[in-house]
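Peer 1: structure_14.txt is reproduced below (compact mmCIF, C-alpha atoms).
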```txt
# COMPACT_ATOMS: atom_id res chain seq x y z
CA MET A 1 -8.77 -4.65 -6.68
CA ASN A 2 -9.65 -7.80 -8.57
CA GLN A 3 -9.22 -10.76 -6.27
CA ASN A 4 -8.40 -13.14 -9.13
CA PHE A 5 -5.27 -13.23 -11.23
CA SER A 6 -5.45 -11.21 -14.45
CA ARG A 7 -3.80 -13.12 -17.31
CA ARG A 8 -3.81 -10.09 -19.60
CA HIS A 9 -2.31 -7.83 -16.92
CA PHE A 10 0.51 -10.22 -16.16
CA ILE A 11 1.36 -11.00 -19.79
CA ARG A 12 1.38 -7.29 -20.72
CA ASN A 13 3.64 -6.30 -17.84
CA ALA A 14 5.86 -9.35 -18.14
CA SER A 15 6.36 -8.54 -21.82
CA ILE A 16 7.41 -5.03 -20.88
CA GLY A 17 9.91 -6.53 -18.45
CA VAL A 18 11.36 -8.85 -21.08
CA ALA A 19 11.69 -6.05 -23.60
CA GLY A 20 13.08 -3.55 -21.12
CA ALA A 21 14.89 -5.01 -18.13
CA ILE A 22 16.20 -8.08 -19.98
CA ALA A 23 16.69 -6.69 -23.45
CA VAL A 24 19.65 -9.00 -24.12
CA PRO A 25 18.80 -12.22 -22.25
CA THR A 26 21.57 -14.12 -20.57
CA ILE A 27 21.53 -17.78 -21.59
CA LEU A 28 22.05 -19.78 -18.44
CA SER A 29 22.79 -23.32 -17.52
CA SER A 30 19.74 -25.41 -16.57
CA CYS A 31 21.26 -25.72 -13.13
CA ALA A 32 19.96 -23.06 -10.77
CA LYS A 33 23.19 -22.81 -8.82
CA GLY A 34 26.74 -23.10 -10.01
CA ALA A 35 28.87 -20.33 -11.45
CA ASN A 36 26.05 -17.82 -11.70
CA ASP A 37 24.94 -18.49 -8.10
CA ARG A 38 21.38 -17.36 -8.63
CA ILE A 39 19.13 -17.12 -5.59
CA LEU A 40 15.98 -19.27 -5.79
CA ILE A 41 12.85 -17.61 -4.42
CA GLY A 42 9.39 -18.89 -3.56
CA HIS A 43 6.45 -16.46 -3.59
CA ILE A 44 3.86 -17.03 -0.87
CA GLY A 45 0.70 -15.01 -1.46
CA VAL A 46 0.30 -13.98 -5.09
CA GLY A 47 -2.70 -11.67 -5.01
CA SER A 48 -2.59 -8.18 -6.50
CA ARG A 49 0.28 -6.89 -4.34
CA GLY A 50 2.23 -10.11 -4.63
CA GLN A 51 1.89 -10.00 -8.41
CA ASP A 52 2.99 -6.36 -8.59
CA GLU A 53 6.08 -7.04 -6.50
CA LEU A 54 6.87 -10.16 -8.49
CA LEU A 55 6.73 -8.21 -11.76
CA ASN A 56 8.65 -5.18 -10.53
CA TYR A 57 10.99 -6.46 -7.83
CA PHE A 58 11.97 -9.92 -9.03
CA LEU A 59 11.36 -10.97 -12.63
CA PRO A 60 13.36 -8.17 -14.29
CA PHE A 61 16.57 -9.05 -12.45
CA GLU A 62 19.01 -11.75 -13.43
CA ARG A 63 20.46 -12.67 -10.05
CA LEU A 64 17.48 -14.75 -8.98
CA TYR A 65 14.92 -17.28 -10.15
CA SER A 66 11.27 -17.34 -9.09
CA VAL A 67 10.59 -21.06 -8.76
CA ALA A 68 7.41 -21.41 -6.67
CA SER A 69 4.05 -19.68 -6.30
CA CYS A 70 1.75 -20.40 -3.37
CA ASP A 71 -1.79 -19.18 -2.79
CA PRO A 72 -5.11 -20.59 -1.50
CA PHE A 73 -6.74 -19.40 -4.76
CA GLN A 74 -6.03 -22.13 -7.32
CA ASP A 75 -6.23 -19.86 -10.36
CA ARG A 76 -3.73 -17.43 -8.86
CA ARG A 77 -1.04 -19.92 -8.00
CA GLU A 78 -1.36 -21.83 -11.27
CA ASN A 79 -1.55 -18.80 -13.54
CA VAL A 80 1.34 -17.06 -11.80
CA ALA A 81 3.55 -20.14 -12.10
CA GLY A 82 2.59 -20.55 -15.74
CA HIS A 83 3.34 -16.96 -16.61
CA ILE A 84 6.67 -16.98 -14.76
CA ASN A 85 7.67 -19.93 -16.91
CA GLU A 86 6.43 -18.15 -20.04
CA TYR A 87 8.39 -15.05 -19.05
CA TYR A 88 11.65 -16.96 -18.73
CA LYS A 89 11.01 -18.82 -21.98
CA LYS A 90 10.44 -15.57 -23.91
CA ALA A 91 13.59 -14.09 -22.38
CA GLY A 92 15.64 -17.12 -23.42
CA ILE A 93 16.50 -17.90 -19.82
CA LYS A 94 16.82 -21.58 -18.92
CA ALA A 95 15.48 -21.23 -15.42
CA PRO A 96 14.17 -24.04 -13.22
CA LYS A 97 10.46 -24.58 -13.74
CA CYS A 98 8.23 -22.53 -11.44
CA LYS A 99 5.72 -24.78 -9.68
CA PRO A 100 2.39 -23.86 -8.07
CA TYR A 101 1.66 -24.88 -4.46
CA LEU A 102 -1.37 -24.81 -2.22
CA LYS A 103 0.66 -25.60 0.91
CA PHE A 104 3.47 -23.22 1.85
CA GLU A 105 5.00 -26.09 3.85
CA ASP A 106 5.93 -27.76 0.56
CA ILE A 107 7.95 -24.69 -0.42
CA LEU A 108 9.67 -24.50 2.97
CA GLU A 109 10.66 -28.17 2.67
CA ARG A 110 12.48 -27.62 -0.64
CA THR A 111 16.20 -27.56 0.06
CA ASP A 112 16.98 -25.74 -3.19
CA ILE A 113 14.91 -22.66 -2.31
CA ASP A 114 16.97 -19.97 -0.57
CA ALA A 115 14.37 -17.32 0.23
CA VAL A 116 10.68 -16.55 0.38
CA HIS A 117 8.73 -13.46 -0.56
CA ILE A 118 5.63 -13.21 1.65
CA THR A 119 2.71 -11.01 0.55
CA THR A 120 -0.24 -12.68 2.27
CA PRO A 121 -2.98 -10.91 4.27
CA ASP A 122 -1.62 -9.32 7.46
CA HIS A 123 -2.70 -12.07 9.88
CA TRP A 124 -0.39 -14.56 8.15
CA HIS A 125 2.70 -12.31 7.95
CA VAL A 126 4.60 -13.16 11.13
CA PRO A 127 3.36 -16.76 11.62
CA LEU A 128 4.57 -17.56 8.10
CA ALA A 129 7.84 -15.71 8.63
CA ILE A 130 8.47 -17.72 11.80
CA LYS A 131 7.97 -20.97 9.92
CA ALA A 132 10.19 -19.76 7.08
CA ALA A 133 12.94 -18.78 9.52
CA ARG A 134 12.82 -22.21 11.13
CA ALA A 135 13.22 -23.70 7.65
CA GLY A 136 16.31 -21.55 7.09
CA LYS A 137 14.75 -19.40 4.36
CA HIS A 138 15.67 -15.74 4.06
CA ILE A 139 12.57 -13.54 4.23
CA MET A 140 11.20 -10.54 2.42
CA LEU A 141 7.99 -9.72 4.31
CA ALA A 142 5.25 -7.33 3.27
CA LYS A 143 4.22 -4.61 5.66
CA PRO A 144 2.62 -4.16 8.15
CA LEU A 145 4.49 -6.51 10.42
CA GLY A 146 1.77 -8.43 12.24
CA LEU A 147 -0.84 -8.70 14.95
CA SER A 148 0.72 -10.24 18.06
CA TYR A 149 3.72 -8.89 19.96
CA PRO A 150 4.78 -12.30 21.35
CA ASP A 151 5.07 -13.50 17.74
CA PHE A 152 7.39 -10.58 16.96
CA LYS A 153 9.78 -11.78 19.65
CA ILE A 154 9.57 -15.40 18.47
CA LEU A 155 10.49 -14.29 14.94
CA GLU A 156 13.38 -12.23 16.32
CA LYS A 157 14.81 -15.32 18.05
CA GLU A 158 14.28 -17.63 15.06
CA LEU A 159 16.09 -15.28 12.67
CA VAL A 160 19.16 -15.34 14.91
CA ALA A 161 18.98 -19.07 15.66
CA ASN A 162 18.77 -20.00 11.99
CA ASN A 163 21.06 -17.30 10.54
CA VAL A 164 18.23 -15.92 8.40
CA LYS A 165 18.26 -12.47 6.76
CA PHE A 166 15.14 -10.27 6.99
CA HIS A 167 13.88 -7.59 4.60
CA TYR A 168 10.78 -5.58 5.57
CA GLY A 169 8.66 -4.37 2.66
CA THR A 170 8.90 -0.63 3.31
CA GLN A 171 10.05 0.42 -0.14
CA GLN A 172 10.54 4.08 0.78
CA ARG A 173 13.97 3.03 1.99
CA THR A 174 15.02 2.75 -1.66
CA LEU A 175 13.83 6.26 -2.62
CA GLU A 176 16.67 8.70 -3.19
CA HIS A 177 14.91 11.81 -1.88
CA ILE A 178 13.94 10.07 1.37
CA LYS A 179 17.42 8.60 1.83
CA LEU A 180 18.84 12.10 1.35
CA GLY A 181 16.45 13.63 3.87
CA ILE A 182 17.11 10.94 6.47
CA GLN A 183 20.85 11.46 6.17
CA MET A 184 20.40 15.19 6.70
CA ILE A 185 18.36 14.51 9.84
CA LYS A 186 20.99 12.09 11.15
CA ASP A 187 23.72 14.63 10.36
CA GLY A 188 21.93 17.21 12.51
CA GLU A 189 21.20 19.65 9.67
CA ILE A 190 17.87 20.67 11.24
CA GLY A 191 19.24 20.54 14.77
CA GLU A 192 17.87 18.61 17.74
CA ILE A 193 14.50 17.00 16.98
CA ASP A 194 11.77 17.75 19.51
CA ARG A 195 8.59 16.71 17.71
CA ILE A 196 7.32 14.73 14.73
CA GLU A 197 4.12 14.71 12.72
CA VAL A 198 3.00 11.59 10.87
CA TRP A 199 -0.08 11.05 8.72
CA ALA A 200 -1.44 8.23 6.57
CA PRO A 201 -4.72 7.27 4.82
CA GLY A 202 -7.32 5.78 7.16
CA TYR A 203 -9.59 3.92 4.78
CA ASN A 204 -10.63 3.23 1.20
CA PRO A 205 -13.82 4.93 -0.10
CA VAL A 206 -15.95 1.78 0.02
CA GLU A 207 -18.97 0.66 2.01
CA SER A 208 -18.72 -1.96 4.74
CA PRO A 209 -20.51 -5.00 3.26
CA VAL A 210 -22.85 -7.43 4.96
CA CYS A 211 -21.61 -11.01 4.86
CA ASN A 212 -24.26 -13.41 3.59
CA GLU A 213 -22.80 -16.88 3.98
CA VAL A 214 -22.44 -18.97 0.81
CA PRO A 215 -20.59 -22.22 0.00
CA VAL A 216 -16.83 -21.95 -0.39
CA PRO A 217 -15.78 -22.39 -4.05
CA ALA A 218 -14.01 -25.67 -4.79
CA SER A 219 -11.01 -23.76 -6.21
CA PHE A 220 -10.42 -21.81 -2.99
CA ASP A 221 -9.04 -23.17 0.29
CA TYR A 222 -10.76 -20.88 2.79
CA ASP A 223 -9.36 -22.79 5.76
CA ARG A 224 -5.80 -22.05 4.68
CA TRP A 225 -6.64 -18.44 3.85
CA THR A 226 -8.03 -18.10 7.39
CA GLY A 227 -5.05 -19.90 8.91
CA PRO A 228 -4.32 -18.74 12.49
CA ALA A 229 -7.30 -16.36 12.58
CA PRO A 230 -10.77 -17.31 13.86
CA ARG A 231 -12.86 -19.28 11.36
CA ASN A 232 -15.73 -17.01 10.24
CA PRO A 233 -18.67 -17.74 7.93
CA TYR A 234 -17.52 -17.52 4.32
CA CYS A 235 -18.66 -14.91 1.85
CA PRO A 236 -16.68 -13.49 -1.10
CA GLU A 237 -16.58 -10.00 0.48
CA ARG A 238 -14.67 -11.32 3.49
CA VAL A 239 -11.64 -12.44 1.48
CA THR A 240 -11.09 -9.39 -0.74
CA ASN A 241 -8.25 -6.95 -0.13
CA ASN A 242 -10.59 -4.54 1.64
CA GLY A 243 -12.04 -7.42 3.62
CA SER A 244 -8.66 -8.44 4.97
CA TRP A 245 -7.60 -4.85 5.67
CA PHE A 246 -10.66 -3.68 7.57
CA GLN A 247 -11.64 -6.70 9.71
CA TRP A 248 -10.13 -7.08 13.18
CA ASP A 249 -9.55 -10.82 12.85
CA TYR A 250 -7.07 -10.20 10.03
CA SER A 251 -5.49 -6.79 10.70
CA ILE A 252 -5.79 -3.52 12.63
CA GLY A 253 -6.67 -1.56 9.49
CA PHE A 254 -4.75 1.23 7.79
CA LEU A 255 -3.59 2.44 11.20
CA ALA A 256 -0.84 -0.11 10.54
CA GLY A 257 -1.42 -0.95 6.87
CA TRP A 258 -0.65 2.57 5.68
CA GLY A 259 0.83 3.87 8.92
CA ALA A 260 3.68 1.39 8.48
CA HIS A 261 5.26 3.57 5.80
CA PRO A 262 5.59 7.02 7.43
CA LEU A 263 6.17 5.48 10.86
CA ASP A 264 9.02 3.46 9.36
CA VAL A 265 10.52 6.69 8.02
CA MET A 266 10.27 8.14 11.53
CA ILE A 267 12.10 5.18 13.10
CA TRP A 268 14.65 5.18 10.28
CA GLY A 269 15.56 8.75 11.08
CA LEU A 270 15.46 8.63 14.89
CA LYS A 271 15.68 5.00 16.01
CA ASP A 272 18.12 5.63 18.88
CA LYS A 273 15.86 8.28 20.41
CA LEU A 274 12.60 6.38 19.90
CA SER A 275 13.51 3.00 21.38
CA GLY A 276 12.45 3.59 24.96
CA LYS A 277 9.20 3.93 26.90
CA TYR A 278 6.44 6.16 25.62
CA THR A 279 2.94 7.25 26.58
CA CYS A 280 0.06 7.27 24.13
CA GLU A 281 -3.45 8.72 24.19
CA GLY A 282 -5.92 9.57 21.48
CA SER A 283 -9.28 9.12 19.84
CA GLY A 284 -10.57 7.46 16.71
CA GLY A 285 -13.51 6.53 14.54
CA PHE A 286 -14.76 3.17 13.29
CA TRP A 287 -16.72 1.86 10.32
CA GLN A 288 -20.47 2.17 10.64
CA PRO A 289 -21.99 -0.88 12.38
CA GLY A 290 -23.94 -3.43 10.39
CA GLY A 291 -21.22 -4.55 8.00
CA ILE A 292 -18.17 -6.77 8.49
CA TYR A 293 -15.58 -3.96 8.69
CA ASN A 294 -14.78 -3.24 12.32
CA ASN A 295 -11.33 -1.65 12.45
CA ILE A 296 -10.37 1.94 13.23
CA ARG A 297 -10.61 4.15 10.14
CA ALA A 298 -9.77 7.59 11.61
CA TRP A 299 -7.40 8.53 14.41
CA ASP A 300 -5.79 11.41 16.26
CA VAL A 301 -3.05 10.18 18.58
CA ASN A 302 -0.44 11.91 20.71
CA ILE A 303 2.67 10.06 21.87
CA GLU A 304 5.52 11.23 24.07
CA TYR A 305 8.82 9.36 24.20
CA GLU A 306 11.00 9.36 27.31
CA PRO A 307 13.59 11.74 25.78
CA GLY A 308 10.72 14.24 25.51
CA ILE A 309 10.15 13.91 21.75
CA LYS A 310 6.46 14.27 20.89
CA LEU A 311 4.68 12.52 18.03
CA HIS A 312 1.33 13.59 16.58
CA PHE A 313 -0.09 10.75 14.42
CA MET A 314 -3.29 11.30 12.41
CA ASP A 315 -5.19 9.86 9.47
CA THR A 316 -4.73 11.96 6.33
CA ASP A 317 -8.31 13.24 6.14
CA GLY A 318 -8.19 14.30 9.77
CA ALA A 319 -4.79 15.94 9.36
CA ASN A 320 -6.03 17.97 6.39
CA SER A 321 -9.33 18.98 7.96
CA ALA A 322 -7.62 19.98 11.22
CA GLY A 323 -5.10 22.11 9.33
CA MET A 324 -2.18 20.09 10.66
CA LEU A 325 -0.47 20.18 7.26
CA ASN A 326 -1.07 23.84 6.40
CA TYR A 327 2.65 24.62 6.57
CA LEU A 328 3.33 22.29 3.62
CA PRO A 329 3.15 23.73 0.08
CA PHE A 330 2.55 20.17 -1.18
CA LYS A 331 0.51 17.78 0.95
CA ASP A 332 1.58 14.21 0.26
CA GLY A 333 -0.95 11.45 0.93
CA ASN A 334 1.26 10.09 3.70
CA GLY A 335 4.31 11.60 5.26
CA THR A 336 6.63 12.30 8.16
CA THR A 337 7.76 15.74 9.29
CA PHE A 338 10.71 16.12 11.65
CA PHE A 339 10.82 19.43 13.56
CA GLY A 340 14.25 20.43 14.81
CA SER A 341 15.78 23.40 16.58
CA LYS A 342 16.93 24.85 13.21
CA GLY A 343 13.90 24.01 11.07
CA TRP A 344 11.93 21.09 9.65
CA ILE A 345 12.19 18.39 6.98
CA SER A 346 9.07 16.67 5.65
CA LEU A 347 9.36 13.41 3.70
CA GLY A 348 6.68 11.63 1.69
CA ARG A 349 6.51 9.15 -1.15
CA ASN A 350 6.44 11.96 -3.72
CA SER A 351 7.83 14.88 -1.78
CA ALA A 352 10.77 16.16 0.23
CA LEU A 353 10.43 19.65 1.71
CA SER A 354 12.09 21.92 4.25
CA ASP A 355 11.63 25.44 5.57
CA ILE A 356 15.42 25.88 5.30
CA PRO A 357 15.96 27.10 1.70
CA GLU A 358 19.32 25.46 1.04
CA ILE A 359 18.09 22.11 2.40
CA ASN A 360 14.88 22.36 0.38
CA GLU A 361 16.94 22.99 -2.75
CA LYS A 362 19.07 19.89 -2.14
CA LEU A 363 16.00 17.76 -1.44
CA ASN A 364 14.49 18.80 -4.77
CA ASP A 365 17.62 18.56 -6.92
CA SER A 366 16.68 18.14 -10.58
CA ARG A 367 18.93 15.07 -10.81
CA LEU A 368 16.82 13.08 -8.35
CA PRO A 369 14.46 10.45 -9.88
CA ARG A 370 11.04 11.76 -10.89
CA ASP A 371 7.84 10.25 -12.20
CA SER A 372 6.03 11.11 -15.45
CA ASN A 373 4.32 14.04 -13.73
CA GLY A 374 7.60 15.56 -12.62
CA MET A 375 7.08 14.59 -8.97
CA LEU A 376 9.89 13.10 -6.96
CA ALA A 377 9.83 9.42 -7.84
CA GLY A 378 7.52 7.20 -5.88
CA GLU A 379 8.07 3.48 -5.75
CA ASN A 380 10.92 2.14 -7.83
CA ASN A 381 12.01 -1.39 -8.61
CA THR A 382 15.12 -1.93 -6.50
CA MET A 383 13.58 -3.67 -3.47
CA GLY A 384 14.09 -7.14 -4.92
CA GLU A 385 17.69 -6.50 -5.89
CA LEU A 386 18.33 -4.99 -2.48
CA PHE A 387 16.91 -8.14 -0.90
CA ILE A 388 19.29 -10.27 -2.96
CA ASP A 389 22.23 -8.13 -1.82
CA VAL A 390 21.10 -8.63 1.79
CA VAL A 391 20.78 -12.39 1.30
CA LYS A 392 24.22 -12.61 -0.32
CA GLY A 393 25.78 -10.52 2.45
CA ASN A 394 26.80 -7.72 0.08
CA VAL A 395 25.06 -5.15 2.30
CA PRO A 396 23.77 -5.23 5.88
CA GLU A 397 20.03 -5.54 6.45
CA VAL A 398 18.51 -2.31 5.16
CA CYS A 399 14.97 -2.90 6.49
CA PRO A 400 15.70 -4.85 9.69
CA LEU A 401 13.23 -6.55 12.00
CA ASP A 402 14.05 -4.53 15.12
CA GLU A 403 13.08 -1.32 13.35
CA ALA A 404 9.97 -2.96 11.90
CA ILE A 405 8.94 -3.92 15.44
CA LEU A 406 9.47 -0.35 16.71
CA SER A 407 7.36 1.22 13.96
CA ASP A 408 4.60 -1.41 13.88
CA THR A 409 4.23 -1.27 17.65
CA VAL A 410 3.39 2.45 17.44
CA SER A 411 0.33 1.51 15.35
CA HIS A 412 -0.71 -1.13 17.88
CA ILE A 413 -0.28 1.08 20.93
CA SER A 414 -2.30 3.77 19.14
CA ASN A 415 -4.98 1.15 18.51
CA ILE A 416 -4.93 0.18 22.20
CA ALA A 417 -5.20 3.77 23.43
CA ILE A 418 -8.17 4.42 21.15
CA ARG A 419 -10.00 1.18 21.94
CA THR A 420 -9.50 1.40 25.71
CA GLY A 421 -10.12 5.13 25.81
CA ARG A 422 -7.25 5.74 28.20
CA LYS A 423 -3.65 6.86 28.28
CA VAL A 424 -1.27 3.92 28.13
CA THR A 425 2.49 3.52 28.61
CA TRP A 426 4.44 1.07 26.47
CA ASP A 427 7.67 -0.45 27.79
CA PRO A 428 9.60 -2.09 24.93
CA ILE A 429 12.11 -3.68 27.29
CA VAL A 430 9.49 -5.95 28.86
CA GLY A 431 7.16 -5.79 25.84
CA GLU A 432 4.07 -4.74 27.78
CA VAL A 433 1.70 -1.90 28.45
CA VAL A 434 2.72 -0.89 31.96
CA GLY A 435 0.28 -1.99 34.66
CA ASP A 436 -2.60 -2.73 32.27
CA ALA A 437 -3.25 -6.42 31.55
CA ASP A 438 -6.47 -5.65 29.69
CA ALA A 439 -4.64 -3.30 27.33
CA ASN A 440 -1.99 -5.93 26.63
CA ASN A 441 -4.65 -8.36 25.46
CA TRP A 442 -5.24 -6.17 22.41
CA PHE A 443 -1.69 -6.96 21.27
CA ILE A 444 -1.84 -10.74 21.70
CA ARG A 445 -3.57 -13.11 19.28
CA THR A 446 -4.37 -16.77 19.92
CA HIS A 447 -3.63 -18.98 16.91
CA ARG A 448 -6.26 -21.35 15.62
CA GLU A 449 -5.11 -24.96 15.45
CA PRO A 450 -3.34 -26.40 13.54
CA PHE A 451 -1.87 -23.07 12.40
CA ASN A 452 -0.03 -22.24 15.61
CA VAL A 453 3.63 -21.22 15.80
```
Give the structure from the file, written as structure tokens.

Peer 2:
Amino acid sequence: MNQNFSRRHFIRNASIGVAGAIAVPTILSSCAKGANDRILIGHIGVGSRGQDELLNYFLPFERLYSVASCDPFQDRRENVAGHINEYYKKAGIKAPKCKPYLKFEDILERTDIDAVHITTPDHWHVPLAIKAARAGKHIMLAKPLGLSYPDFKILEKELVANNVKFHYGTQQRTLEHIKLGIQMIKDGEIGEIDRIEVWAPGYNPVESPVCNEVPVPASFDYDRWTGPAPRNPYCPERVTNNGSWFQWDYSIGFLAGWGAHPLDVMIWGLKDKLSGKYTCEGSGGFWQPGGIYNNIRAWDVNIEYEPGIKLHFMDTDGANSAGMLNYLPFKDGNGTTFFGSKGWISLGRNSALSDIPEINEKLNDSRLPRDSNGMLAGENNTMGELFIDVVKGNVPEVCPLDEAILSDTVSHISNIAIRTGRKVTWDPIVGEVVGDADANNWFIRTHREPFNV
């Protein structure tokens, strides 16, 4: 993905939004609040994913204003702010001016901003959310959750202490076919669940680059991009999307980055039975040495929860090559299969299947949303509106932090089992790997000053 902001891309998509979602613009007062009671949102991290969510989740909807863009890349933050303003102008909406910021602290200090939308690299997710919660800002946070379990618990406390609403960026929770399947599972339509299979992509088909240090461009604040992570020599390859995803200092790779989605579906369906202790053991593969990528890129993990439910978690390539998914007539790129005493339900971004004919028919009802290829609809654009409903108290939290912690922790404990090469037991009550201090160190990150929490 292009690391810099694409003017043409934004203008084209923003124009589509103006013509489609806001075909008859509402002319508003210049005051952001008042009778219309719009929510004011600041966007922190406006790279490719941040831009996509801004265009699809926020700009098309009239119950909010995007009033701030923050990014360590100067061209991103300035171009995004400029195009947001252009979007509102073309739509005839008298919104407050969107301003660009280098420092997220300046956004958090604004008393008129109600909420923040955080789509930074993974290592900034929870530290930024903690600071936002302390500032009283409601939070929509990109997945995966983060890198350090103690930070998860700090965020949990700060949300409660400051009466802040949380919305985790697992957009499958808005997909009708997955919502339908989860309800069937909760209603016991496939009986008592005894095992689960989960799979997700392990890597992108790119080479691990060598980092040859060069001067940091004047228009990029590398120190702020690095934030709480260790300060490494700068090279452009380090700060790309792939660079942030596949380097240990910034993430644990797609084990969490993609695993977050199907593992979230698992927790969504069976939270009450998957909240206790569990054991984990498995194996994995890493990027070839010599380049800067050093995260796990292939895995085969077995987990057993105290109620006896077993989870088999694999990368997609491994799952396909091992024949794990042979029972599925359509093999989604990531998915979650629940096996019950009466049969199974398998849910993916573009699929919902069951070996029980009447359930399979309901899951594939012709009235369910579909994409241009006739597949069950993938991502849709309701996450932003859902966030606004959560902020306003119209609905309870749909993607809550406690469930995000449960699902993200599975990725981390899998990472620990693979890296230590031994079977580990996670106790969520005390938040530790039982009797293994060395293993726990893999789930604790020290923050670089002055970016501590």

Peer 1: Could you check the closest approach to Thr174 of chain A for each of A:Ser407, A:Asn85, A:Asn381, A:Ser414 and tell me which residue wins, using all atoms listed in the file?

Peer 2: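 Smallest distance to Thr174 of chain A is found for A:Asn381.
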
Peer 1: Would you mind reading off the distance between atom CA of Leu145 of chain A and atom CA of Val434 of chain A, one decimal, in Å?

Peer 2: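 These atoms are spaced 22.3 Å apart.
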
Peer 1: Return the single residue from A:Asp151, A:Asp112, A:Asp438, A:Asp402 that is closest to Ile130 of chain A, with distances computed using all atoms listed in the file.

Peer 2: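 Comparing A:Asp151, A:Asp112, A:Asp438, A:Asp402 against Ile130 of chain A, the winner is A:Asp151.
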
Peer 1: May I ask for the distance between atom CA of Asp52 of chain A and atom CA of His412 of chain A, given in Å to one decimal place?

Peer 2: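 Here the two named atoms are 27.2 Å from each other.
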
Peer 1: In Å to one decimal, how far is atom CA of Leu128 of chain A from atom CA of Leu155 of chain A?

Peer 2: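 It comes out at 9.6 Å.
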
Peer 1: Write out as a Markdown table a residue-level contact list of segment 108-215 of chain A versus segment 298-313 of chain A with cut-off 10 Å: for each qualifying residue the closest pair of atoms and the distance in Å to one decimal, counting all atoms listed in the file, rows sorted by chain and residue number upward.

Peer 2:
```
| residue | atom | partner | partner_atom | distance |
| --- | --- | --- | --- | --- |
| A:Glu192 | CA | A:Ile309 | CA | 9.9 |
| A:Ile193 | CA | A:Ile309 | CA | 7.2 |
| A:Asp194 | CA | A:Ile309 | CA | 4.7 |
| A:Arg195 | CA | A:Lys310 | CA | 4.5 |
| A:Ile196 | CA | A:Leu311 | CA | 4.8 |
| A:Glu197 | CA | A:His312 | CA | 4.9 |
| A:Val198 | CA | A:Phe313 | CA | 4.8 |
| A:Trp199 | CA | A:Phe313 | CA | 5.7 |
| A:Ala200 | CA | A:Phe313 | CA | 8.4 |
| A:Pro201 | CA | A:Ala298 | CA | 8.5 |
| A:Gly202 | CA | A:Ala298 | CA | 5.4 |
| A:Tyr203 | CA | A:Ala298 | CA | 7.8 |
```

Peer 1: Emit the selected residues as a tab-separated table (two decimals), keeping the file's coordinate frame, including C-alpha atoms.

Peer 2:
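Output saved as part36.tsv:
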```tsv
chain	number	residue	atom	x	y	z
A	192	GLU	CA	17.87	18.61	17.74
A	193	ILE	CA	14.50	17.00	16.98
A	194	ASP	CA	11.77	17.75	19.51
A	195	ARG	CA	8.59	16.71	17.71
A	196	ILE	CA	7.32	14.73	14.73
A	197	GLU	CA	4.12	14.71	12.72
A	198	VAL	CA	3.00	11.59	10.87
A	199	TRP	CA	-0.08	11.05	8.72
A	200	ALA	CA	-1.44	8.23	6.57
A	201	PRO	CA	-4.72	7.27	4.82
A	202	GLY	CA	-7.32	5.78	7.16
A	203	TYR	CA	-9.59	3.92	4.78
```

Peer 1: Using 5 Å of padding on each side, determine the axis-aligned box around all atoms of segment 413-418 of chain A present in the file and give its centre and edge lengths in Å to one decimal, as lines of an AutoDock Vina configuration file.

Peer 2:
```
center_x = -4.2
center_y = 2.3
center_z = 21.0
size_x = 17.9
size_y = 14.2
size_z = 14.9
```

Peer 1: Need the shell around segment 184-187 of chain A: protein/DNA/RNA residues with any atom at most 10 Å away, counting only C-alpha atoms. Skip same-chain ones fewer than 4 positions apart. Format as JSON, numbers by chain?

Peer 2: {"A": [178, 179, 180, 191, 192, 193, 268, 269, 270, 338, 339, 340, 344, 345, 359, 363]}

Peer 1: Mind dumping the selected residues with C-alpha atoms as a PDB file, in the frame of the given file?

Peer 2:
```pdb
ATOM      1  CA  ILE A 178      13.940  10.070   1.370  1.00  0.00           C
ATOM      2  CA  LYS A 179      17.420   8.600   1.830  1.00  0.00           C
ATOM      3  CA  LEU A 180      18.840  12.100   1.350  1.00  0.00           C
ATOM      4  CA  GLY A 191      19.240  20.540  14.770  1.00  0.00           C
ATOM      5  CA  GLU A 192      17.870  18.610  17.740  1.00  0.00           C
ATOM      6  CA  ILE A 193      14.500  17.000  16.980  1.00  0.00           C
ATOM      7  CA  TRP A 268      14.650   5.180  10.280  1.00  0.00           C
ATOM      8  CA  GLY A 269      15.560   8.750  11.080  1.00  0.00           C
ATOM      9  CA  LEU A 270      15.460   8.630  14.890  1.00  0.00           C
ATOM     10  CA  PHE A 338      10.710  16.120  11.650  1.00  0.00           C
ATOM     11  CA  PHE A 339      10.820  19.430  13.560  1.00  0.00           C
ATOM     12  CA  GLY A 340      14.250  20.430  14.810  1.00  0.00           C
ATOM     13  CA  TRP A 344      11.930  21.090   9.650  1.00  0.00           C
ATOM     14  CA  ILE A 345      12.190  18.390   6.980  1.00  0.00           C
ATOM     15  CA  ILE A 359      18.090  22.110   2.400  1.00  0.00           C
ATOM     16  CA  LEU A 363      16.000  17.760  -1.440  1.00  0.00           C
TER      17      LEU A 363
END
```

Peer 1: Find, counting all atoms listed in the file, the residue in A:Pro400, A:Val410, A:Pro205, A:Ser372 that gets nearest to Asp317 of chain A.

Peer 2: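 Ranking A:Pro400, A:Val410, A:Pro205, A:Ser372 by distance to Asp317 of chain A, first place goes to A:Pro205.
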
Peer 1: Could you check the closest approach to Ile154 of chain A for each of A:Val46, A:Leu175, A:Ile190, A:Leu401 and tell me which residue wins, using only C-alpha atoms?

Peer 2: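 Among the listed residues, the smallest separation from Ile154 of chain A belongs to A:Leu401.
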
Peer 1: What lies within 10 Å of Ile113 of chain A using all atoms listed in the file, ignoring chain neighbours under 5 positions off, as a count of residues only?

Peer 2: 14
